[in-house]
Amino acid sequence: MVVHSGAGFGYSCAMEQETSLIGTTIGHYSIIDYLGKGSMGEVYLGIHPTIKRKVAVKVLSSSLSARADMVSRFTVEAESVNRINHPNIIEVYDFGELPGGRLYLIMEYLDGKDLETILQKGPLPLEEV
């Protein structure tokens with residue numbers, strides 16, 4: 001899972017230590033694993049307990065959730081992705097706020113390697129690009 005680097009958006013790339021959300025429920029999804037962290041927050045693996053659908057749950061950090069400009073950017077991200085509606089763009093299923101004030105997106109989960117890992121083996125052939 002690739003998350004935003006934060007470069008050029010006027011906020012620090014340093015992340016505070018957040019409490020793990022594994023074992024909690026966000027929306028209708030049980031959080032079962034940690035996928036990664038970026039400059040904006042953390043990404044977890046969630047699963048719907050009844051239909052077993054896996055999702056990626058992106059949770060904005062506490063410090064950024066307290067900033068109006070970052071809340072706006074996070075909200076625009078969710079709106080924009082849904083407006084595009086393209087097969088090569090990830091789907092956002094839900095958006096909300098945790099009891100502590102952190103915002104989250106529940107997104108389509110794609111199992112695989114991130115681009116950085118793939119490119120460590122060298123350039124991709126044109127037909128794979």
# chains A, B, ... in the order shown; residues from 1 in each chain; ligands from 1
>>> closest_atom_pairs(of="stretch 61-105 of chain A", to="stretch 24-29 of chain A", cutoff="12 Å", atoms="only C-alpha atoms", output="tab-separated table")
residue	atom	partner	partner_atom	distance
A:Tyr93	CA	A:Gly27	CA	10.4
A:Asp94	CA	A:Gly27	CA	8.0
A:Phe95	CA	A:Gly27	CA	8.7
A:Gly96	CA	A:Gly27	CA	8.0
A:Glu97	CA	A:Ile26	CA	9.1
A:Leu98	CA	A:Ile26	CA	7.5
A:Pro99	CA	A:Ile26	CA	10.1
A:Arg102	CA	A:Ile26	CA	11.2
A:Leu103	CA	A:Ile26	CA	10.6
A:Tyr104	CA	A:Ile26	CA	8.5
A:Leu105	CA	A:Ile26	CA	9.7
>>> write_last_selection(atoms="all heavy atoms", output="mmCIF file, in the first residue's frame")
data_model
loop_
_atom_site.group_PDB
_atom_site.id
_atom_site.type_symbol
_atom_site.label_atom_id
_atom_site.label_comp_id
_atom_site.auth_asym_id
_atom_site.auth_seq_id
_atom_site.Cartn_x
_atom_site.Cartn_y
_atom_site.Cartn_z
ATOM 1 N N TYR A 93 -15.057 3.607 -0.096
ATOM 2 C CA TYR A 93 -16.371 3.105 0.294
ATOM 3 C C TYR A 93 -17.025 3.923 1.404
ATOM 4 O O TYR A 93 -18.246 3.992 1.498
ATOM 5 C CB TYR A 93 -16.267 1.659 0.785
ATOM 6 C CG TYR A 93 -15.684 0.688 -0.209
ATOM 7 C CD1 TYR A 93 -14.680 -0.191 0.174
ATOM 8 C CD2 TYR A 93 -16.132 0.631 -1.526
ATOM 9 C CE1 TYR A 93 -14.139 -1.108 -0.717
ATOM 10 C CE2 TYR A 93 -15.591 -0.279 -2.422
ATOM 11 C CZ TYR A 93 -14.604 -1.143 -2.009
ATOM 12 O OH TYR A 93 -14.067 -2.045 -2.891
ATOM 13 N N ASP A 94 -16.184 4.515 2.267
ATOM 14 C CA ASP A 94 -16.746 5.232 3.412
ATOM 15 C C ASP A 94 -15.743 6.257 3.903
ATOM 16 O O ASP A 94 -14.542 6.175 3.619
ATOM 17 C CB ASP A 94 -17.082 4.238 4.534
ATOM 18 C CG ASP A 94 -18.085 4.780 5.544
ATOM 19 O OD1 ASP A 94 -18.541 5.933 5.401
ATOM 20 O OD2 ASP A 94 -18.410 4.042 6.491
ATOM 21 N N PHE A 95 -16.232 7.214 4.655
ATOM 22 C CA PHE A 95 -15.441 8.300 5.207
ATOM 23 C C PHE A 95 -16.065 8.655 6.542
ATOM 24 O O PHE A 95 -17.286 8.648 6.674
ATOM 25 C CB PHE A 95 -15.524 9.503 4.260
ATOM 26 C CG PHE A 95 -14.839 10.745 4.765
ATOM 27 C CD1 PHE A 95 -13.508 10.971 4.495
ATOM 28 C CD2 PHE A 95 -15.530 11.695 5.497
ATOM 29 C CE1 PHE A 95 -12.874 12.114 4.941
ATOM 30 C CE2 PHE A 95 -14.912 12.828 5.950
ATOM 31 C CZ PHE A 95 -13.576 13.042 5.675
ATOM 32 N N GLY A 96 -15.253 8.933 7.550
ATOM 33 C CA GLY A 96 -15.841 9.285 8.830
ATOM 34 C C GLY A 96 -14.822 9.792 9.825
ATOM 35 O O GLY A 96 -13.670 10.063 9.480
ATOM 36 N N GLU A 97 -15.267 9.899 11.069
ATOM 37 C CA GLU A 97 -14.437 10.400 12.152
ATOM 38 C C GLU A 97 -14.499 9.436 13.333
ATOM 39 O O GLU A 97 -15.586 9.014 13.736
ATOM 40 C CB GLU A 97 -14.932 11.787 12.580
ATOM 41 C CG GLU A 97 -14.088 12.444 13.625
ATOM 42 C CD GLU A 97 -14.544 13.862 13.944
ATOM 43 O OE1 GLU A 97 -15.153 14.518 13.067
ATOM 44 O OE2 GLU A 97 -14.314 14.298 15.084
ATOM 45 N N LEU A 98 -13.330 9.099 13.859
ATOM 46 C CA LEU A 98 -13.250 8.246 15.040
ATOM 47 C C LEU A 98 -13.621 9.048 16.290
ATOM 48 O O LEU A 98 -13.556 10.278 16.268
ATOM 49 C CB LEU A 98 -11.837 7.685 15.192
ATOM 50 C CG LEU A 98 -11.338 6.796 14.055
ATOM 51 C CD1 LEU A 98 -9.884 6.395 14.287
ATOM 52 C CD2 LEU A 98 -12.213 5.568 13.914
ATOM 53 N N PRO A 99 -14.001 8.381 17.372
ATOM 54 C CA PRO A 99 -14.374 9.107 18.596
ATOM 55 C C PRO A 99 -13.323 10.114 19.075
ATOM 56 O O PRO A 99 -13.659 11.169 19.579
ATOM 57 C CB PRO A 99 -14.575 7.988 19.624
ATOM 58 C CG PRO A 99 -14.989 6.815 18.796
ATOM 59 C CD PRO A 99 -14.217 6.947 17.509
ATOM 60 N N ARG A 102 -9.934 11.613 14.946
ATOM 61 C CA ARG A 102 -9.169 11.277 13.734
ATOM 62 C C ARG A 102 -10.119 10.914 12.595
ATOM 63 O O ARG A 102 -11.096 10.200 12.795
ATOM 64 C CB ARG A 102 -8.221 10.114 14.011
ATOM 65 C CG ARG A 102 -7.126 10.470 15.014
ATOM 66 C CD ARG A 102 -6.259 9.275 15.338
ATOM 67 N NE ARG A 102 -5.431 8.921 14.186
ATOM 68 C CZ ARG A 102 -4.681 7.817 14.132
ATOM 69 N NH1 ARG A 102 -4.668 6.972 15.142
ATOM 70 N NH2 ARG A 102 -3.951 7.570 13.072
ATOM 71 N N LEU A 103 -9.812 11.407 11.404
ATOM 72 C CA LEU A 103 -10.622 11.095 10.224
ATOM 73 C C LEU A 103 -10.112 9.821 9.572
ATOM 74 O O LEU A 103 -8.939 9.477 9.692
ATOM 75 C CB LEU A 103 -10.543 12.240 9.221
ATOM 76 C CG LEU A 103 -11.055 13.589 9.702
ATOM 77 C CD1 LEU A 103 -10.897 14.623 8.597
ATOM 78 C CD2 LEU A 103 -12.500 13.498 10.141
ATOM 79 N N TYR A 104 -11.002 9.134 8.868
ATOM 80 C CA TYR A 104 -10.604 7.909 8.185
ATOM 81 C C TYR A 104 -11.312 7.781 6.841
ATOM 82 O O TYR A 104 -12.379 8.337 6.623
ATOM 83 C CB TYR A 104 -10.881 6.667 9.036
ATOM 84 C CG TYR A 104 -12.348 6.384 9.290
ATOM 85 C CD1 TYR A 104 -13.109 5.654 8.374
ATOM 86 C CD2 TYR A 104 -12.989 6.848 10.434
ATOM 87 C CE1 TYR A 104 -14.453 5.391 8.597
ATOM 88 C CE2 TYR A 104 -14.324 6.589 10.667
ATOM 89 C CZ TYR A 104 -15.044 5.865 9.741
ATOM 90 O OH TYR A 104 -16.383 5.612 9.960
ATOM 91 N N LEU A 105 -10.663 7.031 5.953
ATOM 92 C CA LEU A 105 -11.235 6.606 4.667
ATOM 93 C C LEU A 105 -11.234 5.089 4.663
ATOM 94 O O LEU A 105 -10.237 4.466 5.030
ATOM 95 C CB LEU A 105 -10.365 7.060 3.493
ATOM 96 C CG LEU A 105 -10.206 8.525 3.198
ATOM 97 C CD1 LEU A 105 -9.190 8.709 2.062
ATOM 98 C CD2 LEU A 105 -11.532 9.126 2.801
#
>>> atom_distance(atom1="atom CA of A:Glu42", atom2="atom CA of A:Glu18")
8.7 Å
>>> residues_around(residues="A:Tyr44", least_positions_apart="3", cutoff="6 Å", atoms="only C-alpha atoms", output="list in words")
Asp33, Tyr34, Leu35, Ala56 and Val57 of chain A
>>> atom_distance(atom1="atom CA of A:Ser72", atom2="atom CA of A:Leu60")
11.7 Å
>>> select_by_dssp(residues="stretch 18-108 of chain A", states="alpha helix (DSSP H)", output="list in words")
Ser62, Ser63, Leu64, Ser65, Ala68, Asp69, Met70, Val71, Ser72, Arg73, Phe74, Thr75, Val76, Glu77, Ala78, Glu79, Ser80, Val81, Asn82, Arg83 and Ile84 of chain A
>>> write_last_selection(atoms="N, CA and C atoms", output="CSV table (one decimal), in the first residue's frame")
chain,number,residue,atom,x,y,z
A,62,SER,N,-3.6,12.2,14.4
A,62,SER,CA,-4.2,13.1,15.4
A,62,SER,C,-3.9,14.6,15.1
A,63,SER,N,-2.6,14.9,14.9
A,63,SER,CA,-2.2,16.3,14.8
A,63,SER,C,-2.7,16.9,13.5
A,64,LEU,N,-2.8,16.1,12.4
A,64,LEU,CA,-3.3,16.6,11.2
A,64,LEU,C,-4.9,16.7,11.2
A,65,SER,N,-5.5,15.8,11.9
A,65,SER,CA,-6.9,15.8,12.1
A,65,SER,C,-7.4,17.1,12.8
A,68,ALA,N,-7.5,22.4,10.2
A,68,ALA,CA,-8.6,22.6,9.2
A,68,ALA,C,-8.2,22.4,7.8
A,69,ASP,N,-7.0,22.8,7.5
A,69,ASP,CA,-6.5,22.7,6.1
A,69,ASP,C,-6.3,21.2,5.7
A,70,MET,N,-5.8,20.4,6.7
A,70,MET,CA,-5.6,19.0,6.4
A,70,MET,C,-6.9,18.2,6.4
A,71,VAL,N,-7.8,18.6,7.2
A,71,VAL,CA,-9.2,18.0,7.2
A,71,VAL,C,-9.8,18.2,5.8
A,72,SER,N,-9.7,19.5,5.3
A,72,SER,CA,-10.2,19.8,4.0
A,72,SER,C,-9.5,19.0,2.9
A,73,ARG,N,-8.2,18.9,3.0
A,73,ARG,CA,-7.5,18.1,1.9
A,73,ARG,C,-7.9,16.6,2.0
A,74,PHE,N,-8.0,16.1,3.1
A,74,PHE,CA,-8.4,14.7,3.3
A,74,PHE,C,-9.8,14.4,2.7
A,75,THR,N,-10.7,15.4,3.0
A,75,THR,CA,-12.1,15.3,2.5
A,75,THR,C,-12.1,15.4,1.0
A,76,VAL,N,-11.4,16.4,0.5
A,76,VAL,CA,-11.3,16.6,-1.0
A,76,VAL,C,-10.8,15.3,-1.7
A,77,GLU,N,-9.8,14.6,-1.0
A,77,GLU,CA,-9.2,13.4,-1.6
A,77,GLU,C,-10.4,12.4,-1.7
A,78,ALA,N,-11.2,12.2,-0.7
A,78,ALA,CA,-12.3,11.2,-0.8
A,78,ALA,C,-13.3,11.6,-1.8
A,79,GLU,N,-13.6,12.9,-1.9
A,79,GLU,CA,-14.6,13.3,-2.9
A,79,GLU,C,-14.1,13.2,-4.3
A,80,SER,N,-12.8,13.5,-4.5
A,80,SER,CA,-12.2,13.5,-5.8
A,80,SER,C,-12.1,12.1,-6.4
A,81,VAL,N,-11.7,11.1,-5.5
A,81,VAL,CA,-11.6,9.7,-5.9
A,81,VAL,C,-12.9,9.2,-6.4
A,82,ASN,N,-14.0,9.5,-5.7
A,82,ASN,CA,-15.3,9.1,-6.1
A,82,ASN,C,-15.8,9.7,-7.3
A,83,ARG,N,-15.4,11.0,-7.6
A,83,ARG,CA,-15.9,11.7,-8.8
A,83,ARG,C,-15.2,11.1,-10.0
A,84,ILE,N,-13.9,10.7,-9.9
A,84,ILE,CA,-13.2,10.1,-11.0
A,84,ILE,C,-13.8,8.9,-11.5
>>> select_by_dssp(residues="chain A", states="strand (DSSP E or B)", output="PyMOL selection string")
chain A and resi 25-26+29-37+41-47+54-60+92-97+103-108
>>> residues_around(residues="A:Glu91", least_positions_apart="6", cutoff="9 Å", atoms="only C-alpha atoms", output="ChimeraX atom specification")
/A:81-82,85,106-109
>>> closest_residue(among="A:His48, A:Arg67, A:Lys54, A:Lys37", to="A:Asp111", atoms="only C-alpha atoms")
A:Lys54
